[in-house]
Amino acid sequence: MKIYGPIFLGDEFFKGTIEIRDGIVENMWKGRKDYDIRATIIPTFINMHTHIGDFYCQHEPKGKLEDIVGPGGLKYKILANRNKVLRGMRRAMKYMEREGISHFVDFREGGKEGIDLLLHASENMKISPIIMGRVEDERLHGIGLSSISDYSWEYLRNMANWAKKNNKLFAIHASERIREDINRILSLNPDFLIHMLEASDDDLRVLRDRNLPLVITPRSNLFFGKIPNIPKLVRYRILLALGTDNGMFSLPSMFREMELAYKISKLYGYVDPLEILKMTTVNPRKILKIEDNRIGKRAHLILFKRYMTPYEIVVKGHMGEIKKIIL
């Protein structure tokens, strides 16, 4: 199959033709070649932060952040119903597949049973879960912890050391509710952080100097009355990626996340729509070291029915515009 149209696989769009055979990129050319399909071509989305075990929650969560998602909070009561959690996970994954999300990074609560649930829910699905747990388990892709305020230092150190020893990812929520000691957090050698809503300018400079990526979740933050200053993060040249966070109060939609990220950026300045699009496509691949959409590599692509600019994809994109998803 040969596809011709605007192609975005790196830092810019270009008119070109890409050939896919048996799910592998066979060839790529700038300009038009004989083609089978005409479309706007972008990489599949990657949702960099989810808690999809919460997705089945049907009632409005009320209370402060710590009351809802903190240790012993509402979400842990929700997670106690195994059958509902399982069904909710599958609905969330089916939705993400339809939207062109090929991978999602799930911070998995519930210990080994929580890992079992997600693996069971993902059976026969095309979407790939990247499972970040909170116990030592070889099935994990990494360790994903909540705030350093939630654990003993011994536990934090042990989890970070286990991840590095076993060549796994290590990530942690940071300065989401209150400012936390960035040097203490970075002494754990994380691969990326989540949130940093209460970070100081000095904290952001440290992130920049360490080349440490940051995942932000604007819709979830807004639920609690917080708004990330995305233009500031961009000015600090921090590698940013978007996630949808808790399934209780956000549909796992990258279209919705991109639109809100772009629009709330105008409260503080401006972020180019192409930069927002990178936060869901190119940047997550850099963070997770996913090598696809190159000659000889697997194709993970979204094909839109017509010519679409980055602005239109970010602000007005939706499932109905998708012609084909290659997973």
# chains A, B, ... in the order shown; residues from 1 in each chain; ligands from 1
>>> closest_atom_pairs(of="range 241-295 of chain A", to="range 26-41 of chain A", cutoff="10 Å", atoms="only C-alpha atoms", output="Markdown table")
| residue | atom | partner | partner_atom | distance |
| --- | --- | --- | --- | --- |
| A:Asn293 | CA | A:Glu26 | CA | 9.8 |
| A:Arg294 | CA | A:Asn27 | CA | 8.4 |
| A:Ile295 | CA | A:Glu26 | CA | 5.5 |
>>> closest_atom_pairs(of="range 261-314 of chain A", to="range 223-233 of chain A", cutoff="9 Å", atoms="only C-alpha atoms", output="tab-separated table")
residue	atom	partner	partner_atom	distance
A:Ala261	CA	A:Ile230	CA	7.6
A:Tyr262	CA	A:Ile230	CA	8.7
A:Ile264	CA	A:Ile227	CA	7.5
A:Ser265	CA	A:Ile230	CA	5.7
A:Lys266	CA	A:Pro231	CA	8.4
A:Leu267	CA	A:Asn229	CA	8.2
A:Tyr268	CA	A:Pro231	CA	6.4
A:Gly269	CA	A:Pro231	CA	6.0
A:Tyr270	CA	A:Pro231	CA	6.0
A:Val271	CA	A:Pro231	CA	5.9
>>> write_last_selection(atoms="C-alpha atoms", output="PDB file, in the first residue's frame")
ATOM      1  CA  ALA A 261      -3.430  22.279  25.975  1.00  0.00           C
ATOM      2  CA  TYR A 262      -3.385  24.662  23.023  1.00  0.00           C
ATOM      3  CA  ILE A 264      -5.065  27.198  27.940  1.00  0.00           C
ATOM      4  CA  SER A 265      -1.597  28.094  26.654  1.00  0.00           C
ATOM      5  CA  LYS A 266      -3.120  31.373  25.495  1.00  0.00           C
ATOM      6  CA  LEU A 267      -3.601  32.342  29.155  1.00  0.00           C
ATOM      7  CA  TYR A 268       0.178  32.626  29.457  1.00  0.00           C
ATOM      8  CA  GLY A 269       1.351  33.304  25.913  1.00  0.00           C
ATOM      9  CA  TYR A 270       1.382  31.042  22.888  1.00  0.00           C
ATOM     10  CA  VAL A 271       2.458  27.549  21.854  1.00  0.00           C
TER      11      VAL A 271
END
>>> closest_residue(among="A:Ile42, A:Ile101, A:Ala92, A:Met196", to="Met308 in chain A", atoms="only C-alpha atoms")
A:Ile42
>>> residues_around(residues="Gly142 in chain A", least_positions_apart="5", cutoff="10 Å", atoms="only C-alpha atoms", output="number ranges by chain")
A: 105, 107, 130-137, 159-160, 162-164, 166-171, 191
>>> write_last_selection(atoms="N, CA and C atoms", output="tab-separated table (two decimals), in the first residue's frame")
chain	number	residue	atom	x	y	z
A	105	VAL	N	0.81	4.73	28.64
A	105	VAL	CA	1.64	4.47	29.82
A	105	VAL	C	0.72	4.50	31.04
A	107	PHE	N	0.02	3.98	35.01
A	107	PHE	CA	0.56	3.87	36.36
A	107	PHE	C	-0.37	2.97	37.15
A	130	ILE	N	1.96	0.17	28.33
A	130	ILE	CA	3.29	0.25	28.93
A	130	ILE	C	3.03	0.37	30.42
A	131	ILE	N	3.28	-0.71	31.15
A	131	ILE	CA	2.80	-0.84	32.52
A	131	ILE	C	3.87	-0.39	33.51
A	132	MET	N	3.52	0.64	34.30
A	132	MET	CA	4.39	1.18	35.32
A	132	MET	C	3.77	0.83	36.68
A	133	GLY	N	4.37	-0.12	37.38
A	133	GLY	CA	3.80	-0.60	38.63
A	133	GLY	C	4.50	-0.06	39.86
A	134	ARG	N	4.11	-0.61	41.01
A	134	ARG	CA	4.65	-0.13	42.28
A	134	ARG	C	5.16	-1.27	43.14
A	135	VAL	N	5.41	-2.43	42.48
A	135	VAL	CA	6.01	-3.59	43.13
A	135	VAL	C	7.06	-4.15	42.18
A	136	GLU	N	7.94	-4.96	42.68
A	136	GLU	CA	8.94	-5.61	41.83
A	136	GLU	C	8.27	-6.74	41.06
A	137	ASP	N	8.24	-6.64	39.75
A	137	ASP	CA	7.60	-7.65	38.92
A	137	ASP	C	8.19	-7.56	37.52
A	159	MET	N	12.75	0.93	45.04
A	159	MET	CA	12.04	0.84	43.76
A	159	MET	C	12.89	1.41	42.62
A	160	ALA	N	13.53	2.56	42.87
A	160	ALA	CA	14.37	3.18	41.84
A	160	ALA	C	15.55	2.27	41.50
A	162	TRP	N	15.73	-1.01	41.88
A	162	TRP	CA	15.27	-2.22	41.19
A	162	TRP	C	15.03	-1.92	39.71
A	163	ALA	N	14.41	-0.78	39.44
A	163	ALA	CA	14.14	-0.41	38.04
A	163	ALA	C	15.43	-0.30	37.25
A	164	LYS	N	16.42	0.39	37.79
A	164	LYS	CA	17.68	0.57	37.06
A	164	LYS	C	18.42	-0.75	36.91
A	166	ASN	N	17.19	-3.65	36.63
A	166	ASN	CA	16.51	-4.53	35.68
A	166	ASN	C	16.23	-3.85	34.34
A	167	ASN	N	16.89	-2.72	34.11
A	167	ASN	CA	16.75	-1.99	32.83
A	167	ASN	C	15.31	-1.63	32.55
A	168	LYS	N	14.62	-1.16	33.58
A	168	LYS	CA	13.24	-0.72	33.47
A	168	LYS	C	13.18	0.81	33.58
A	169	LEU	N	12.05	1.37	33.15
A	169	LEU	CA	11.81	2.80	33.33
A	169	LEU	C	11.52	3.11	34.80
A	170	PHE	N	11.81	4.34	35.18
A	170	PHE	CA	11.41	4.81	36.51
A	170	PHE	C	10.86	6.22	36.37
A	171	ALA	N	9.62	6.43	36.84
A	171	ALA	CA	8.98	7.75	36.74
A	171	ALA	C	8.20	8.02	38.02
A	191	ASP	N	13.42	8.62	34.77
A	191	ASP	CA	13.49	8.79	33.32
A	191	ASP	C	12.59	9.92	32.86
>>> residues_around(residues="Lys323 in chain A", least_positions_apart="4", cutoff="6 Å", atoms="only C-alpha atoms", output="number ranges by chain")
A: 303-305
>>> write_last_selection(atoms="all heavy atoms", output="PDB file, in the first residue's frame")
ATOM      1  N   LEU A 303      -4.072   7.968   9.362  1.00  0.00           N
ATOM      2  CA  LEU A 303      -4.320   8.575   8.057  1.00  0.00           C
ATOM      3  C   LEU A 303      -5.632   9.355   8.134  1.00  0.00           C
ATOM      4  O   LEU A 303      -6.689   8.777   8.402  1.00  0.00           O
ATOM      5  CB  LEU A 303      -4.420   7.501   6.966  1.00  0.00           C
ATOM      6  CG  LEU A 303      -3.318   6.434   6.921  1.00  0.00           C
ATOM      7  CD1 LEU A 303      -3.558   5.494   5.738  1.00  0.00           C
ATOM      8  CD2 LEU A 303      -1.946   7.049   6.853  1.00  0.00           C
ATOM      9  N   PHE A 304      -5.560  10.665   7.912  1.00  0.00           N
ATOM     10  CA  PHE A 304      -6.761  11.495   7.894  1.00  0.00           C
ATOM     11  C   PHE A 304      -7.335  11.563   6.481  1.00  0.00           C
ATOM     12  O   PHE A 304      -6.604  11.517   5.494  1.00  0.00           O
ATOM     13  CB  PHE A 304      -6.455  12.895   8.413  1.00  0.00           C
ATOM     14  CG  PHE A 304      -6.129  12.931   9.886  1.00  0.00           C
ATOM     15  CD1 PHE A 304      -4.819  13.071  10.317  1.00  0.00           C
ATOM     16  CD2 PHE A 304      -7.133  12.811  10.832  1.00  0.00           C
ATOM     17  CE1 PHE A 304      -4.508  13.111  11.672  1.00  0.00           C
ATOM     18  CE2 PHE A 304      -6.840  12.839  12.188  1.00  0.00           C
ATOM     19  CZ  PHE A 304      -5.525  12.990  12.610  1.00  0.00           C
ATOM     20  N   LYS A 305      -8.639  11.714   6.392  1.00  0.00           N
ATOM     21  CA  LYS A 305      -9.336  11.641   5.110  1.00  0.00           C
ATOM     22  C   LYS A 305      -8.941  12.748   4.145  1.00  0.00           C
ATOM     23  O   LYS A 305      -9.072  12.594   2.930  1.00  0.00           O
ATOM     24  CB  LYS A 305     -10.856  11.715   5.348  1.00  0.00           C
ATOM     25  CG  LYS A 305     -11.417  10.550   6.132  1.00  0.00           C
ATOM     26  CD  LYS A 305     -12.898  10.773   6.432  1.00  0.00           C
ATOM     27  CE  LYS A 305     -13.467   9.639   7.247  1.00  0.00           C
ATOM     28  NZ  LYS A 305     -14.888   9.885   7.614  1.00  0.00           N
TER      29      LYS A 305
END
>>> closest_residue(among="A:Leu197, A:Asp209, A:Ile148, A:Val234", to="Ile185 in chain A", atoms="only C-alpha atoms")
A:Ile148
>>> atom_distance(atom1="CA of Asp272 in chain A", atom2="CA of Ile302 in chain A")
20.8 Å
>>> residues_around(residues="Asp292 in chain A", least_positions_apart="5", cutoff="10 Å", atoms="only C-alpha atoms", output="PyMOL selection string")
chain A and resi 9+24-25+43+285+297-301
>>> write_last_selection(atoms="all heavy atoms", output="compact mmCIF listing (two decimals), in the first residue's frame")
# COMPACT_ATOMS: atom_id res chain seq x y z
N LEU A 9 6.45 13.04 10.37
CA LEU A 9 7.09 11.95 11.12
C LEU A 9 8.28 12.44 11.94
O LEU A 9 8.95 11.65 12.58
CB LEU A 9 7.54 10.83 10.18
CG LEU A 9 6.43 10.08 9.44
CD1 LEU A 9 6.99 9.02 8.53
CD2 LEU A 9 5.45 9.45 10.43
N ILE A 24 5.04 -3.00 7.81
CA ILE A 24 6.41 -2.48 7.88
C ILE A 24 6.57 -1.35 6.86
O ILE A 24 6.05 -1.45 5.74
CB ILE A 24 7.45 -3.59 7.61
CG1 ILE A 24 7.27 -4.75 8.60
CG2 ILE A 24 8.86 -3.03 7.69
CD1 ILE A 24 7.49 -4.41 10.05
N VAL A 25 7.32 -0.31 7.23
CA VAL A 25 7.61 0.77 6.28
C VAL A 25 8.64 0.25 5.27
O VAL A 25 9.78 -0.04 5.62
CB VAL A 25 8.16 2.01 6.99
CG1 VAL A 25 8.48 3.10 5.97
CG2 VAL A 25 7.15 2.54 8.02
N PRO A 43 2.16 10.13 12.93
CA PRO A 43 2.33 8.95 13.79
C PRO A 43 1.11 8.76 14.67
O PRO A 43 0.37 9.71 14.96
CB PRO A 43 3.55 9.31 14.64
CG PRO A 43 4.22 10.45 13.96
CD PRO A 43 3.13 11.19 13.24
N ARG A 285 7.75 9.20 21.78
CA ARG A 285 8.64 8.19 21.21
C ARG A 285 10.08 8.41 21.65
O ARG A 285 10.82 7.45 21.86
CB ARG A 285 8.52 8.20 19.67
CG ARG A 285 7.24 7.56 19.18
CD ARG A 285 6.94 7.84 17.71
NE ARG A 285 5.92 6.94 17.19
CZ ARG A 285 4.61 7.08 17.35
NH1 ARG A 285 4.16 8.12 18.03
NH2 ARG A 285 3.76 6.20 16.85
N LYS A 297 11.13 -0.54 9.78
CA LYS A 297 10.51 -0.60 11.11
C LYS A 297 8.99 -0.69 10.97
O LYS A 297 8.42 -0.40 9.93
CB LYS A 297 10.87 0.63 11.94
CG LYS A 297 12.37 0.82 12.17
CD LYS A 297 12.93 -0.21 13.11
CE LYS A 297 14.38 0.07 13.45
NZ LYS A 297 14.95 -0.93 14.38
N ARG A 298 8.34 -1.07 12.07
CA ARG A 298 6.88 -1.18 12.07
C ARG A 298 6.23 0.18 11.87
O ARG A 298 6.73 1.19 12.34
CB ARG A 298 6.41 -1.80 13.39
CG ARG A 298 4.89 -1.94 13.50
CD ARG A 298 4.48 -3.00 14.48
NE ARG A 298 4.85 -4.32 14.01
CZ ARG A 298 4.17 -5.03 13.12
NH1 ARG A 298 3.06 -4.52 12.58
NH2 ARG A 298 4.57 -6.22 12.76
N ALA A 299 5.12 0.18 11.16
CA ALA A 299 4.35 1.41 10.93
C ALA A 299 3.26 1.53 11.98
O ALA A 299 2.49 0.60 12.22
CB ALA A 299 3.74 1.39 9.54
N HIS A 300 3.23 2.69 12.64
CA HIS A 300 2.14 3.06 13.54
C HIS A 300 1.67 4.44 13.06
O HIS A 300 2.27 5.46 13.41
CB HIS A 300 2.60 3.14 14.99
CG HIS A 300 2.98 1.82 15.58
ND1 HIS A 300 4.24 1.53 16.06
CD2 HIS A 300 2.25 0.69 15.75
CE1 HIS A 300 4.26 0.29 16.53
NE2 HIS A 300 3.07 -0.24 16.35
N LEU A 301 0.61 4.47 12.26
CA LEU A 301 0.23 5.70 11.57
C LEU A 301 -1.27 5.96 11.67
O LEU A 301 -2.08 5.03 11.70
CB LEU A 301 0.62 5.63 10.09
CG LEU A 301 2.10 5.45 9.76
CD1 LEU A 301 2.28 5.16 8.28
CD2 LEU A 301 2.91 6.68 10.19
>>> closest_residue(among="A:Glu123, A:Glu12, A:Asp245, A:Asp54", to="Glu109 in chain A", atoms="only C-alpha atoms")
A:Asp54
>>> select_by_dssp(residues="range 233-276 of chain A", states="strand (DSSP E or B)", output="list in words")
Leu240, Ala241, Leu242, Asp245 and Asn246 of chain A
>>> residues_around(residues="Met258 in chain A", least_positions_apart="6", cutoff="9 Å", atoms="only C-alpha atoms", output="ChimeraX atom specification")
/A:218,242,273,276-277,279-280,313-315
>>> atom_distance(atom1="CA of Pro6 in chain A", atom2="CA of Lys324 in chain A")
14.9 Å
>>> closest_residue(among="A:Leu140, A:Val215, A:Leu156, A:Met1", to="His173 in chain A", atoms="only C-alpha atoms")
A:Val215
